[in-house]
Structures are given as structure tokens and as C-alpha cells.
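Containing compact mmCIF, C-alpha atoms: run.txt.
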```txt
# COMPACT_ATOMS: atom_id res chain seq x y z
CA MET E 1443 69.58 122.99 119.04
CA THR E 1444 66.08 124.35 118.99
CA GLU E 1445 63.56 122.51 116.94
CA THR E 1446 61.54 124.55 114.49
CA ALA E 1447 58.11 123.55 113.36
CA ALA E 1448 57.88 122.49 109.72
CA PRO E 1449 56.51 125.45 107.75
CA HIS E 1450 52.93 125.09 106.64
CA PRO E 1451 53.12 124.07 102.99
CA ALA E 1452 52.22 127.05 100.82
CA THR E 1453 49.28 126.61 98.47
CA TYR E 1454 47.54 128.64 95.79
CA THR E 1455 43.94 129.55 96.55
CA PRO E 1456 41.58 127.75 94.17
CA THR E 1457 39.30 129.94 92.06
CA ASP E 1458 36.43 129.26 89.71
CA ARG E 1459 38.98 129.06 86.87
CA THR E 1460 41.38 126.69 88.60
CA VAL E 1461 38.92 124.11 89.93
CA PRO E 1462 38.37 121.54 87.17
CA THR E 1463 34.81 120.65 86.25
CA ARG E 1464 35.75 116.97 86.43
CA SER E 1465 38.43 114.68 87.91
CA LYS E 1466 38.73 117.17 90.77
CA GLU E 1467 40.83 114.65 92.68
CA ARG E 1468 43.59 115.18 90.13
CA ALA E 1469 44.00 118.88 90.95
CA ALA E 1470 46.79 120.13 93.21
CA TYR E 1471 47.51 123.61 94.50
CA ASP E 1472 50.70 123.34 96.53
CA HIS E 1473 53.61 125.52 95.49
CA GLU E 1474 56.10 122.67 95.55
CA MET E 1475 54.21 120.55 93.02
CA VAL E 1476 53.47 123.54 90.78
CA HIS E 1477 57.08 124.75 90.86
CA SER E 1478 58.49 121.30 90.10
CA ILE E 1479 56.24 120.88 87.05
CA LEU E 1480 57.08 124.36 85.78
CA ASP E 1481 60.81 123.95 86.35
CA GLU E 1482 60.95 120.67 84.44
CA GLY E 1483 59.44 122.02 81.22
CA TYR E 1484 61.21 123.68 78.31
CA VAL E 1485 58.26 125.21 76.53
CA CYS E 1486 55.01 126.63 77.80
CA HIS E 1487 51.90 127.20 75.72
CA LEU E 1488 50.89 130.84 75.95
CA GLY E 1489 47.25 131.57 75.26
CA PHE E 1490 45.84 135.02 74.60
CA VAL E 1491 42.90 136.54 72.77
CA ARG E 1492 43.40 138.43 69.52
CA ASP E 1493 40.42 140.01 67.76
CA GLY E 1494 38.13 137.87 69.87
CA SER E 1495 39.79 134.58 68.88
CA PRO E 1496 42.11 132.38 70.94
CA VAL E 1497 45.79 132.07 70.02
CA VAL E 1498 48.14 129.47 71.54
CA LEU E 1499 51.88 129.77 70.91
CA PRO E 1500 54.79 127.71 72.24
CA THR E 1501 57.17 129.97 74.16
CA LEU E 1502 60.29 129.72 76.32
CA TYR E 1503 59.94 130.73 79.94
CA GLY E 1504 61.68 130.87 83.26
CA ARG E 1505 60.59 131.14 86.89
CA VAL E 1506 61.89 133.42 89.63
CA GLY E 1507 60.02 132.74 92.85
CA GLU E 1508 56.37 133.47 92.21
CA HIS E 1509 56.98 135.19 88.86
CA LEU E 1510 56.91 133.50 85.50
CA TYR E 1511 58.88 135.26 82.76
CA LEU E 1512 58.21 134.77 79.06
CA HIS E 1513 60.28 136.40 76.38
CA GLY E 1514 60.25 137.16 72.72
CA SER E 1515 61.20 139.71 70.15
CA THR E 1516 59.76 143.17 70.73
CA GLY E 1517 58.10 142.60 67.34
CA SER E 1518 56.21 139.46 68.29
CA ARG E 1519 52.45 139.72 68.56
CA PRO E 1520 51.70 138.87 72.22
CA LEU E 1521 54.70 140.89 73.41
CA ARG E 1522 53.55 143.92 71.45
CA MET E 1523 49.98 143.45 72.63
CA ALA E 1524 51.08 143.24 76.26
CA GLY E 1525 53.11 146.42 75.86
CA GLN E 1526 50.12 148.30 74.48
CA ALA E 1527 47.44 146.81 76.69
CA ASP E 1528 46.54 148.57 79.89
CA PRO E 1529 46.72 147.08 82.51
CA GLY E 1530 48.37 144.23 80.59
CA LEU E 1531 47.45 141.20 78.52
CA PRO E 1532 45.11 138.51 79.93
CA VAL E 1533 46.85 135.22 79.33
CA CYS E 1534 46.70 131.56 80.20
CA VAL E 1535 50.02 129.73 80.35
CA THR E 1536 50.08 125.93 80.39
CA VAL E 1537 52.97 123.50 80.84
CA THR E 1538 52.41 119.76 80.35
CA HIS E 1539 54.55 116.65 80.79
CA VAL E 1540 53.46 113.31 79.37
CA ASP E 1541 54.71 110.61 81.74
CA GLY E 1542 53.13 107.50 80.33
CA LEU E 1543 50.63 105.93 77.96
CA VAL E 1544 47.87 104.13 79.83
CA LEU E 1545 46.53 101.10 77.96
CA ALA E 1546 43.28 99.80 79.39
CA ARG E 1547 41.36 96.73 78.27
CA SER E 1548 38.60 99.00 76.96
CA ALA E 1549 39.17 101.78 74.44
CA PHE E 1550 37.17 104.09 76.70
CA HIS E 1551 39.59 103.84 79.62
CA HIS E 1552 42.72 104.54 77.60
CA SER E 1553 44.47 107.58 79.00
CA ILE E 1554 47.82 109.17 79.61
CA ASN E 1555 49.70 109.84 82.78
CA TYR E 1556 50.59 113.51 82.85
CA ARG E 1557 51.43 116.47 85.00
CA SER E 1558 50.28 119.92 83.94
CA VAL E 1559 50.18 123.41 85.35
CA VAL E 1560 47.73 126.08 84.21
CA VAL E 1561 48.36 129.72 85.14
CA HIS E 1562 45.72 132.39 84.62
CA GLY E 1563 46.57 136.03 84.92
CA VAL E 1564 47.53 139.32 83.34
CA ALA E 1565 50.98 139.56 81.77
CA HIS E 1566 52.92 142.80 82.01
CA GLN E 1567 55.94 143.94 80.06
CA VAL E 1568 59.03 144.18 82.23
CA THR E 1569 60.55 147.62 81.90
CA ASP E 1570 62.96 147.73 84.85
CA PRO E 1571 66.43 146.90 83.41
CA ASP E 1572 67.56 144.95 86.48
CA GLU E 1573 64.44 142.82 86.53
CA LYS E 1574 64.82 142.26 82.80
CA ARG E 1575 68.40 141.03 83.21
CA GLU E 1576 67.39 138.74 86.05
CA ALA E 1577 64.51 137.38 83.96
CA LEU E 1578 66.75 136.69 80.96
CA ASP E 1579 69.27 134.88 83.18
CA ALA E 1580 66.39 132.82 84.53
CA LEU E 1581 65.28 132.00 81.00
CA VAL E 1582 68.75 130.77 80.02
CA ASP E 1583 69.22 128.85 83.26
CA HIS E 1584 65.77 127.34 82.87
CA VAL E 1585 66.92 125.68 79.64
CA VAL E 1586 70.34 124.67 81.01
CA PRO E 1587 70.93 125.26 84.74
CA GLY E 1588 74.18 127.16 85.24
CA ARG E 1589 74.47 128.27 81.63
CA SER E 1590 73.96 132.00 82.32
CA TYR E 1591 77.40 131.99 84.01
CA ASP E 1592 78.99 130.40 80.94
CA SER E 1593 77.81 132.70 78.15
CA ARG E 1594 78.12 136.35 77.22
CA PRO E 1595 75.39 138.38 78.96
CA ALA E 1596 73.03 140.43 76.82
CA ASN E 1597 74.33 143.85 75.86
CA ALA E 1598 72.26 147.02 75.75
CA LYS E 1599 71.22 146.53 72.13
CA GLU E 1600 70.13 142.95 72.75
CA LEU E 1601 68.25 143.92 75.90
CA ALA E 1602 66.40 146.57 73.92
CA ALA E 1603 65.47 144.04 71.23
CA THR E 1604 64.07 141.58 73.75
CA ALA E 1605 60.69 141.97 75.35
CA VAL E 1606 60.01 140.16 78.60
CA LEU E 1607 56.58 139.47 80.05
CA ARG E 1608 55.97 138.86 83.73
CA LEU E 1609 53.07 136.77 84.96
CA ASP E 1610 52.50 136.38 88.67
CA LEU E 1611 51.86 132.88 89.99
CA ALA E 1612 48.62 133.53 91.84
CA GLU E 1613 45.72 131.86 90.04
CA VAL E 1614 47.43 128.54 89.49
CA SER E 1615 46.61 124.85 89.55
CA ALA E 1616 48.39 121.62 88.80
CA LYS E 1617 46.62 118.56 87.49
CA LEU E 1618 48.06 115.10 87.34
CA ARG E 1619 47.21 111.53 86.57
CA THR E 1620 49.38 108.69 87.82
CA GLY E 1621 49.05 104.93 88.12
CA GLY E 1622 47.62 102.16 86.01
CA PRO E 1623 44.44 101.74 83.98
CA ASN E 1624 41.01 101.87 85.62
CA ASP E 1625 39.18 99.08 83.85
CA GLU E 1626 35.56 98.13 84.43
CA PRO E 1627 35.12 95.02 86.61
CA GLU E 1628 33.39 93.18 83.77
CA ASP E 1629 36.42 93.74 81.50
CA LEU E 1630 39.03 92.17 83.77
CA GLY E 1631 38.83 88.81 81.99
CA LEU E 1632 39.48 90.23 78.52
CA PRO E 1633 42.63 88.92 76.80
CA HIS E 1634 44.25 92.32 76.10
CA TRP E 1635 47.57 93.34 77.61
CA THR E 1636 47.01 96.23 79.99
CA GLY E 1637 49.40 98.52 81.76
CA VAL E 1638 51.45 101.66 81.32
CA LEU E 1639 54.20 102.50 78.85
CA PRO E 1640 56.40 105.05 80.68
CA LEU E 1641 57.63 108.09 78.78
CA HIS E 1642 60.48 110.39 79.69
CA LYS E 1643 62.72 113.04 78.16
CA GLY E 1644 65.73 111.53 76.43
CA TYR E 1645 68.93 113.49 75.88
CA GLY E 1646 71.23 112.71 72.97
CA THR E 1647 74.96 113.30 72.66
CA PRO E 1648 75.84 117.03 72.53
CA VAL E 1649 76.55 118.18 68.97
CA PRO E 1650 79.28 120.86 68.91
CA ALA E 1651 78.75 123.84 66.61
CA ALA E 1652 80.66 123.60 63.33
CA ASP E 1653 82.75 126.62 64.29
CA LEU E 1654 83.58 125.53 67.85
CA ALA E 1655 87.30 126.01 68.51
CA PRO E 1656 89.20 122.79 69.25
CA GLY E 1657 89.91 122.11 72.92
CA ILE E 1658 86.63 123.45 74.31
CA GLU E 1659 85.12 120.47 76.09
CA VAL E 1660 81.45 119.70 76.71
CA PRO E 1661 80.65 121.40 80.03
CA ASP E 1662 79.81 119.37 83.12
CA TYR E 1663 76.39 120.98 83.48
CA LEU E 1664 75.31 119.24 80.27
CA ALA E 1665 76.53 115.86 81.46
CA VAL E 1666 74.19 115.89 84.46
CA LEU E 1667 71.02 116.47 82.40
CA MET P 1016 55.62 100.95 32.92
CA THR P 1017 54.24 104.40 32.51
CA GLU P 1018 55.82 107.13 34.49
CA THR P 1019 53.50 109.33 36.49
CA ALA P 1020 54.35 112.86 37.41
CA ALA P 1021 54.93 113.44 41.11
CA PRO P 1022 51.75 114.97 42.54
CA HIS P 1023 52.00 118.62 43.38
CA PRO P 1024 52.59 118.73 47.13
CA ALA P 1025 49.44 119.88 48.91
CA THR P 1026 49.76 123.01 51.04
CA TYR P 1027 47.57 125.04 53.37
CA THR P 1028 46.88 128.58 52.23
CA PRO P 1029 48.55 131.10 54.55
CA THR P 1030 46.28 133.61 56.25
CA ASP P 1031 46.86 136.65 58.42
CA ARG P 1032 46.72 134.37 61.47
CA THR P 1033 49.13 131.75 60.15
CA VAL P 1034 51.91 134.01 58.86
CA PRO P 1035 54.25 134.73 61.77
CA THR P 1036 55.20 138.32 62.46
CA ARG P 1037 58.85 137.26 62.69
CA SER P 1038 61.14 134.39 61.65
CA LYS P 1039 58.89 133.92 58.62
CA GLU P 1040 61.48 131.57 57.12
CA ARG P 1041 60.63 129.07 59.86
CA ALA P 1042 57.01 128.71 58.74
CA ALA P 1043 55.85 125.77 56.63
CA TYR P 1044 52.47 125.03 55.09
CA ASP P 1045 52.79 121.67 53.39
CA HIS P 1046 50.43 118.92 54.46
CA GLU P 1047 53.19 116.36 54.87
CA MET P 1048 55.14 118.40 57.41
CA VAL P 1049 52.01 119.43 59.31
CA HIS P 1050 50.67 115.85 59.43
CA SER P 1051 53.99 114.42 60.61
CA ILE P 1052 54.23 116.92 63.48
CA LEU P 1053 50.62 116.30 64.50
CA ASP P 1054 50.94 112.52 64.29
CA GLU P 1055 54.04 112.45 66.47
CA GLY P 1056 52.46 114.29 69.43
CA TYR P 1057 50.50 112.82 72.32
CA VAL P 1058 48.94 115.95 73.71
CA CYS P 1059 47.75 119.13 72.04
CA HIS P 1060 47.13 122.43 73.78
CA LEU P 1061 43.56 123.52 73.16
CA GLY P 1062 42.92 127.24 73.46
CA PHE P 1063 39.49 128.80 73.70
CA VAL P 1064 37.90 131.93 75.13
CA ARG P 1065 35.76 131.78 78.24
CA ASP P 1066 34.12 134.94 79.60
CA GLY P 1067 36.55 136.97 77.48
CA SER P 1068 39.66 135.31 78.90
CA PRO P 1069 41.94 132.75 77.25
CA VAL P 1070 42.03 129.16 78.50
CA VAL P 1071 44.66 126.62 77.43
CA LEU P 1072 44.16 122.95 78.33
CA PRO P 1073 46.22 119.88 77.44
CA THR P 1074 44.04 117.41 75.55
CA LEU P 1075 44.36 114.10 73.70
CA TYR P 1076 43.68 114.17 69.99
CA GLY P 1077 43.74 112.15 66.82
CA ARG P 1078 43.83 112.92 63.11
CA VAL P 1079 41.76 111.45 60.30
CA GLY P 1080 42.79 113.00 57.00
CA GLU P 1081 42.14 116.72 57.27
CA HIS P 1082 40.11 116.46 60.47
CA LEU P 1083 41.51 116.76 63.96
CA TYR P 1084 39.45 115.10 66.69
CA LEU P 1085 39.63 116.08 70.36
CA HIS P 1086 37.70 114.32 73.04
CA GLY P 1087 36.65 114.68 76.59
CA SER P 1088 33.84 114.06 79.01
CA THR P 1089 30.51 115.53 78.00
CA GLY P 1090 30.83 117.46 81.27
CA SER P 1091 34.13 119.17 80.44
CA ARG P 1092 34.02 122.90 79.85
CA PRO P 1093 35.22 123.29 76.23
CA LEU P 1094 33.21 120.26 75.14
CA ARG P 1095 30.06 121.68 76.71
CA MET P 1096 30.75 125.10 75.27
CA ALA P 1097 31.24 123.68 71.78
CA GLY P 1098 27.97 121.79 72.06
CA GLN P 1099 26.10 124.93 73.03
CA ALA P 1100 27.86 127.38 70.73
CA ASP P 1101 26.42 128.04 67.32
CA PRO P 1102 28.13 127.59 64.87
CA GLY P 1103 30.74 126.03 67.15
CA LEU P 1104 33.60 127.04 69.41
CA PRO P 1105 36.48 129.17 68.05
CA VAL P 1106 39.64 127.38 69.08
CA CYS P 1107 43.38 127.34 68.52
CA VAL P 1108 45.09 123.97 68.81
CA THR P 1109 48.87 123.79 69.12
CA VAL P 1110 51.22 120.80 69.12
CA THR P 1111 54.91 121.29 69.90
CA HIS P 1112 57.95 119.02 69.92
CA VAL P 1113 61.21 120.13 71.53
CA ASP P 1114 64.05 118.59 69.51
CA GLY P 1115 67.09 120.21 71.06
CA LEU P 1116 68.55 122.86 73.34
CA VAL P 1117 70.61 125.39 71.41
CA LEU P 1118 73.50 126.78 73.41
CA ALA P 1119 75.04 129.86 71.83
CA ARG P 1120 78.08 131.79 73.05
CA SER P 1121 75.81 134.72 73.91
CA ALA P 1122 72.82 134.46 76.24
CA PHE P 1123 70.79 136.33 73.61
CA HIS P 1124 71.18 133.62 70.95
CA HIS P 1125 70.20 130.71 73.14
CA SER P 1126 67.22 128.94 71.64
CA ILE P 1127 65.57 125.61 71.18
CA ASN P 1128 65.09 123.47 68.13
CA TYR P 1129 61.42 122.69 67.82
CA ARG P 1130 58.61 121.76 65.49
CA SER P 1131 55.14 123.10 66.14
CA VAL P 1132 51.79 123.19 64.42
CA VAL P 1133 49.13 125.79 65.11
CA VAL P 1134 45.57 125.20 63.92
CA HIS P 1135 42.96 127.96 63.98
CA GLY P 1136 39.31 127.19 63.44
CA VAL P 1137 35.89 126.48 64.79
CA ALA P 1138 35.38 123.19 66.63
CA HIS P 1139 32.11 121.33 66.26
CA GLN P 1140 30.68 118.52 68.35
CA VAL P 1141 30.52 115.27 66.44
CA THR P 1142 26.98 113.90 66.59
CA ASP P 1143 27.07 111.23 63.87
CA PRO P 1144 27.63 107.88 65.66
CA ASP P 1145 29.80 106.41 62.89
CA GLU P 1146 32.04 109.47 62.76
CA LYS P 1147 32.25 109.40 66.55
CA ARG P 1148 33.37 105.75 66.55
CA GLU P 1149 35.95 106.44 63.85
CA ALA P 1150 37.23 109.45 65.79
CA LEU P 1151 37.57 107.46 69.03
CA ASP P 1152 39.46 104.70 67.20
CA ALA P 1153 41.75 107.40 65.79
CA LEU P 1154 42.31 108.79 69.28
CA VAL P 1155 43.31 105.38 70.66
CA ASP P 1156 45.49 104.57 67.64
CA HIS P 1157 47.09 107.98 67.87
CA VAL P 1158 48.42 107.08 71.32
CA VAL P 1159 49.41 103.52 70.34
CA PRO P 1160 49.12 102.62 66.64
CA GLY P 1161 47.15 99.40 66.25
CA ARG P 1162 45.71 99.47 69.76
CA SER P 1163 42.09 100.03 68.70
CA TYR P 1164 42.12 96.46 67.33
CA ASP P 1165 43.38 95.08 70.64
CA SER P 1166 40.91 96.59 73.12
CA ARG P 1167 37.18 96.47 73.73
CA PRO P 1168 35.41 99.09 71.61
CA ALA P 1169 33.27 101.69 73.34
CA ASN P 1170 29.74 100.58 74.10
CA ALA P 1171 26.64 102.75 73.76
CA LYS P 1172 26.86 104.08 77.29
CA GLU P 1173 30.53 105.01 76.91
CA LEU P 1174 29.89 106.62 73.53
CA ALA P 1175 27.15 108.73 75.10
CA ALA P 1176 29.47 109.81 77.92
CA THR P 1177 32.20 110.93 75.51
CA ALA P 1178 32.06 114.16 73.61
CA VAL P 1179 34.17 114.50 70.48
CA LEU P 1180 35.10 117.75 68.80
CA ARG P 1181 36.05 118.02 65.16
CA LEU P 1182 38.35 120.74 63.89
CA ASP P 1183 39.08 120.97 60.17
CA LEU P 1184 42.69 121.39 59.14
CA ALA P 1185 42.32 124.46 56.96
CA GLU P 1186 43.94 127.46 58.65
CA VAL P 1187 47.15 125.72 59.63
CA SER P 1188 50.85 126.41 59.81
CA ALA P 1189 53.93 124.61 61.00
CA LYS P 1190 56.94 126.39 62.42
CA LEU P 1191 60.32 124.86 63.00
CA ARG P 1192 63.84 125.66 64.02
CA THR P 1193 66.68 123.31 63.21
CA GLY P 1194 70.47 123.50 63.21
CA GLY P 1195 73.10 125.02 65.43
CA PRO P 1196 73.46 128.36 67.22
CA ASN P 1197 73.61 131.64 65.29
CA ASP P 1198 76.31 133.52 67.13
CA GLU P 1199 77.42 137.05 66.33
CA PRO P 1200 80.74 137.21 64.38
CA GLU P 1201 82.38 139.13 67.23
CA ASP P 1202 81.52 136.33 69.69
CA LEU P 1203 83.18 133.48 67.79
CA GLY P 1204 86.37 133.73 69.84
CA LEU P 1205 84.63 133.44 73.22
CA PRO P 1206 85.68 130.41 75.30
CA HIS P 1207 82.18 128.97 75.84
CA TRP P 1208 81.15 125.56 74.53
CA THR P 1209 78.51 125.99 71.86
CA GLY P 1210 76.28 123.52 70.10
CA VAL P 1211 73.05 121.60 70.44
CA LEU P 1212 71.90 119.11 73.05
CA PRO P 1213 69.43 116.85 71.19
CA LEU P 1214 66.20 115.87 72.93
CA HIS P 1215 63.87 113.03 72.06
CA LYS P 1216 61.03 111.00 73.52
CA GLY P 1217 62.28 108.12 75.64
CA TYR P 1218 60.15 105.03 76.29
CA GLY P 1219 60.59 102.98 79.43
CA THR P 1220 59.84 99.32 80.01
CA PRO P 1221 56.09 98.55 79.88
CA VAL P 1222 54.61 98.20 83.37
CA PRO P 1223 51.82 95.58 83.43
CA ALA P 1224 48.68 96.39 85.41
CA ALA P 1225 48.59 94.77 88.85
CA ASP P 1226 45.58 92.69 87.81
CA LEU P 1227 46.94 91.52 84.45
CA ALA P 1228 46.37 87.78 84.06
CA PRO P 1229 49.56 85.71 83.76
CA GLY P 1230 50.54 84.66 80.25
CA ILE P 1231 49.45 87.86 78.47
CA GLU P 1232 52.62 89.10 76.83
CA VAL P 1233 53.57 92.69 75.98
CA PRO P 1234 52.19 93.23 72.47
CA ASP P 1235 54.52 93.75 69.50
CA TYR P 1236 53.06 97.18 68.73
CA LEU P 1237 54.56 98.47 71.97
CA ALA P 1238 57.98 97.06 71.17
CA VAL P 1239 58.28 99.13 68.00
CA LEU P 1240 57.66 102.46 69.73
```

What would you get if you wrote out this structure as C-alpha cells?
Amino acid sequence: MTETAAPHPATYTPTDRTVPTRSKERAAYDHEMVHSILDEGYVCHLGFVRDGSPVVLPTLYGRVGEHLYLHGSTGSRPLRMAGQADPGLPVCVTVTHVDGLVLARSAFHHSINYRSVVVHGVAHQVTDPDEKREALDALVDHVVPGRSYDSRPANAKELAATAVLRLDLAEVSAKLRTGGPNDEPEDLGLPHWTGVLPLHKGYGTPVPAADLAPGIEVPDYLAVL
Amino acid sequence: MTETAAPHPATYTPTDRTVPTRSKERAAYDHEMVHSILDEGYVCHLGFVRDGSPVVLPTLYGRVGEHLYLHGSTGSRPLRMAGQADPGLPVCVTVTHVDGLVLARSAFHHSINYRSVVVHGVAHQVTDPDEKREALDALVDHVVPGRSYDSRPANAKELAATAVLRLDLAEVSAKLRTGGPNDEPEDLGLPHWTGVLPLHKGYGTPVPAADLAPGIEVPDYLAVL
């Protein structure tokens, strides 16, 4: 067996927009961290500018390699704007996970533990039918891994009614806070409880649709979530 | 006992920016719904425009009546911009909860159940010291109700280092999806499981800080979360 060198970990190049003005030590640029934060989220917050004002909308998304795909009705505002804009729609897409509530002895040092990814770029409408199908599969599998194989694929009419935006992962940063509170030395003797209350996603019991035929069991891919 | 008429439920007046272009039936404008969605969130997504491009950042917030308060270091970008801008910084603040994954028989009808609030407006820096203190208490109590009474209040130096933005709740809408999948009639016989996987916030066991003095118990207000 020949030994191969570990590949150099891939990173995004920081830019003026992706270097935070403060808490710079919390920023991360490696692909692995960015991908893991993106893949764990269900909803991103899509920001764009309309008539000079900011708009932020929650949106479903999926990732294929270094492309992020967002989708919506062809009638929705940002999708329409991206279709009309040349060379595309400047956007900022942010995904955030809240991992814990950080209770310090002082009000000032209260915080949250979080992981977030911010993507800056120009979103383009996907027009290639194959890429559109792949993006829609990624969107479904992003919500429930494996589900695209266990549902009816979109037909031509549905594909036509769905607009998909592509945003390249190029100008990207992650930011995270972990660990306990950072109290001031002079506060250490105060009588307040201090620590972290962890937060996580909780899944309930699957609720079958009212019209589900008897005998169709809950699929295994839901049980592992 | 005299009977009093139920007060007319207060609502926000819809505007061009708060009426969705599609799924209009999912929009809501009553104060009660909007407040409950805002009060349940830990992080909002703050959108603003910088050099013509959109920026979306996750940010802590609190609500006092019809005011939303966001805070950050006086050195952070949107806080600085709001302090310099006259008459303030145009922002869009969005809070989203994911309540369930909706698995339809067709890929096209996959969706999520969610509740979101979008607030449009102009954010102003809070300069009045009393309002600033009240806002910071609201921010701490938003994360853990009751906590502002069980921590050291901010001192003058900390107050000076913290910038607080106020955004009035005026141009506001909620949007929500509930219920099961909406499959096409011709898909009802397909063999795929269909229904909703509920999602909720899960709290872990409180983790005391490494330097917590022995004998300080986990407070009751954490146990009720």
C-alpha cells in the first residue's frame, strides 16, 4: 500500500465582507465546517435589496458541492427579480444554529453558543433542465436524506412552475461561539448560577397524513433523524 | 359583575412590502400572533444594505411592547452604520421557527411547517440611558425569562460599550404553514409514506461553568424551559 498525503484542507478566501469587524477569532473559512453548518439547517435567510431596501425571507435550500440552490414559485419576488436581473441578483444567504444559552454572572456577558454561515454572492436562475432536476432532488434530500428516491419526481409542469436559484459558495464564512461564559474576574464571587443551557433540534413522532393508506409504514430514513 | 366586550384584536396594517406575492392565505397581521412568534425565538436575522449589497446577520433581540431591540458592540458594522445614518438604518428583521417537515407523495409538494415574522423599518440607535437599560434587561430576559433579576446589571462602562438599536413594530407580517401535505388527487394511490415529522426546540441538561462555586443550584427558571 502506498501512503498518500492528507489533502490540504480546502478553505474559502476571506474578503472584506467575510472578515468580521469584531470577534475575529470566531470566524472560520474551511469548507468542512461551512458545509456541515449548511447541511444541518432546514431554512436559510435570503437577503436581497428591493427598491433600495433590504428584504430577508426564510427559504428552503440544498447544497450540491460548491453550489447552493434555493427554490420558490416562479411568481415569488426574489425568484422573479433574479430572472430579470442581469447578471443576476446580489444576495446574502445566512444559516444559523443556536446550540446553547450562555448565562454569565453579569448581564453584559450573556450570550448564545451558535454556528452560522454567511454567503455573499450573485444568484442566478437555473435554466438547464438537468441541473434543475438535480437541484430539486438536493432540496428534497436536504430536508430528509434519501427522500428523493421515495417520492414522485417533478413532472414537466411542476418543473416549469418552480424557479431555482444557484449561488456559488465562494465568498463564504462561518462564525461560531462555543464554551462557557466569560465572566469578569471581579464577578467570580457573585452568587448567580452560571453555565450553559444546551439547545438542540428535537424530533417528534411522525404524524401520518389523514389520507395515508393503511399498511404504509414510517420509513427507516425518518427513524434515524 | 359587569360584562366587558372583548377588545378588538389589534392588527398591523398590511403594506406593499408585507403582503406576500403568493400563498397570501398564510399571512397574518394580528399583534398576538406576531408577538408570540417573536417572543419564542432566540436569534433574528437582521438585513441591511452595505455599499448597495444585502447583508444578513444573526443577532440577539428582545421585545418591549411594540419596540424590537437589537444589540451589539459599538464597533459592529450595522450598529455603527445606524449610529451614523440619518434618520437611521433601513433594516428588515426576520424570525423563523421550523415546526415540521412535510413529506408529500410528490417531490414538488414537499414543504415545511413554519412560523415567521418579517419586520420592515428604520432602526435607530438608543441614546437614552433608561431606555438602553430597559432594552438590555429585555434582551437578557428574552433569552431566559427572569434572568435579568439574577445577574449583575450592566455598569456604566459596559453600557457605553454596548450599542442598542430600536425598531418599531409597525410594518410587520407573520406567515405560517401548518397541517399535512397537499398532494395532487392523482398521487393519492402512490406507495410512499406521507405526513409530517414534527420539530421542536430541545433543551439539554444545564452545564455549570467550570468555576461555579459549589452549592449554587440550577435556578428554577431554567427548569421550566

Atomic separation - CA of Leu1214 (chain P) relative to CA of Tyr1471 (chain E), Å: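 According to the coordinates, CA of Tyr1471 (chain E) and CA of Leu1214 (chain P) are separated by 29.6 Å.
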
Residue nearest chain P among E:Val1491, E:Val1461, E:Ala1452, E:Ala1565 (counting only C-alpha atoms):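 Result for the nearest residue to chain P: E:Val1491.
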
Exercise: residues within 9 Å of coordinate (75.9, 126.4, 70.9), counting all atoms listed in the file, as number ranges by chain: E: 1649-1651, 1654; P: 1116-1121, 1124-1125, 1195-1198, 1207-1212

Contacts of region 1144-1161 of chain P within 9 Å, all atoms listed in the file, excl. fewer than 5 positions in-chain, as a list of chain:residue names: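 These residues fall inside the cut-off: E:Leu1543, E:Leu1545, E:Ala1549, E:Phe1550, E:His1552, E:Ser1553, E:Ile1554, P:Asp1054, P:Glu1055, P:Gly1056, P:Tyr1057, P:Leu1075, P:Tyr1076, P:Gly1077, P:Arg1078, P:Val1079, P:Leu1083, P:Tyr1084, P:Leu1085, P:His1086, P:Pro1168, P:Ala1169, P:Leu1174, P:Ala1178, P:Val1179, P:Arg1181, P:Tyr1236, P:Leu1237, P:Leu1240.
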
Saved selection, atoms kept: C-alpha atoms, as a PDB file, in the frame of the given file:
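Saved to result.pdb:
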```
ATOM      1  CA  LEU E1543      50.630 105.930  77.960  1.00  0.00           C
ATOM      2  CA  LEU E1545      46.530 101.100  77.960  1.00  0.00           C
ATOM      3  CA  ALA E1549      39.170 101.780  74.440  1.00  0.00           C
ATOM      4  CA  PHE E1550      37.170 104.090  76.700  1.00  0.00           C
ATOM      5  CA  HIS E1552      42.720 104.540  77.600  1.00  0.00           C
ATOM      6  CA  SER E1553      44.470 107.580  79.000  1.00  0.00           C
ATOM      7  CA  ILE E1554      47.820 109.170  79.610  1.00  0.00           C
TER       8      ILE E1554
ATOM      9  CA  ASP P1054      50.940 112.520  64.290  1.00  0.00           C
ATOM     10  CA  GLU P1055      54.040 112.450  66.470  1.00  0.00           C
ATOM     11  CA  GLY P1056      52.460 114.290  69.430  1.00  0.00           C
ATOM     12  CA  TYR P1057      50.500 112.820  72.320  1.00  0.00           C
ATOM     13  CA  LEU P1075      44.360 114.100  73.700  1.00  0.00           C
ATOM     14  CA  TYR P1076      43.680 114.170  69.990  1.00  0.00           C
ATOM     15  CA  GLY P1077      43.740 112.150  66.820  1.00  0.00           C
ATOM     16  CA  ARG P1078      43.830 112.920  63.110  1.00  0.00           C
ATOM     17  CA  VAL P1079      41.760 111.450  60.300  1.00  0.00           C
ATOM     18  CA  LEU P1083      41.510 116.760  63.960  1.00  0.00           C
ATOM     19  CA  TYR P1084      39.450 115.100  66.690  1.00  0.00           C
ATOM     20  CA  LEU P1085      39.630 116.080  70.360  1.00  0.00           C
ATOM     21  CA  HIS P1086      37.700 114.320  73.040  1.00  0.00           C
ATOM     22  CA  PRO P1168      35.410  99.090  71.610  1.00  0.00           C
ATOM     23  CA  ALA P1169      33.270 101.690  73.340  1.00  0.00           C
ATOM     24  CA  LEU P1174      29.890 106.620  73.530  1.00  0.00           C
ATOM     25  CA  ALA P1178      32.060 114.160  73.610  1.00  0.00           C
ATOM     26  CA  VAL P1179      34.170 114.500  70.480  1.00  0.00           C
ATOM     27  CA  ARG P1181      36.050 118.020  65.160  1.00  0.00           C
ATOM     28  CA  TYR P1236      53.060  97.180  68.730  1.00  0.00           C
ATOM     29  CA  LEU P1237      54.560  98.470  71.970  1.00  0.00           C
ATOM     30  CA  LEU P1240      57.660 102.460  69.730  1.00  0.00           C
TER      31      LEU P1240
END
```

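With only C-alpha atoms as the atoms that count, the minimum distance from Gly1563 (chain E) to the choices P:Leu1182, P:Ala1097, P:Val1070, P:Leu1104 is reached by P:Val1070.
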
Atomic separation - CA of Val1560 (chain E) relative to CA of Gln1140 (chain P), Å: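 About the pair CA of Gln1140 (chain P) and CA of Val1560 (chain E): they are 24.5 Å apart.
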
One-decimal distance in Å that lies between CA of Asn1128 (chain P) and CA of Thr1569 (chain E):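 We find that CA of Thr1569 (chain E) and CA of Asn1128 (chain P) lie 28.2 Å from each other.
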
Residue nearest Ser1558 (chain E) among P:Arg1167, P:Arg1092, P:His1082, P:His1060 (counting only C-alpha atoms):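 Comparing P:Arg1167, P:Arg1092, P:His1082, P:His1060 against Ser1558 (chain E), the winner is P:His1060.
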
Minimum-distance residue to chain E, chosen among P:Pro1093, P:Pro1206, P:Pro1200, P:Pro1029 (using all atoms listed in the file):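 For chain E, the nearest of the given residues is P:Pro1206.
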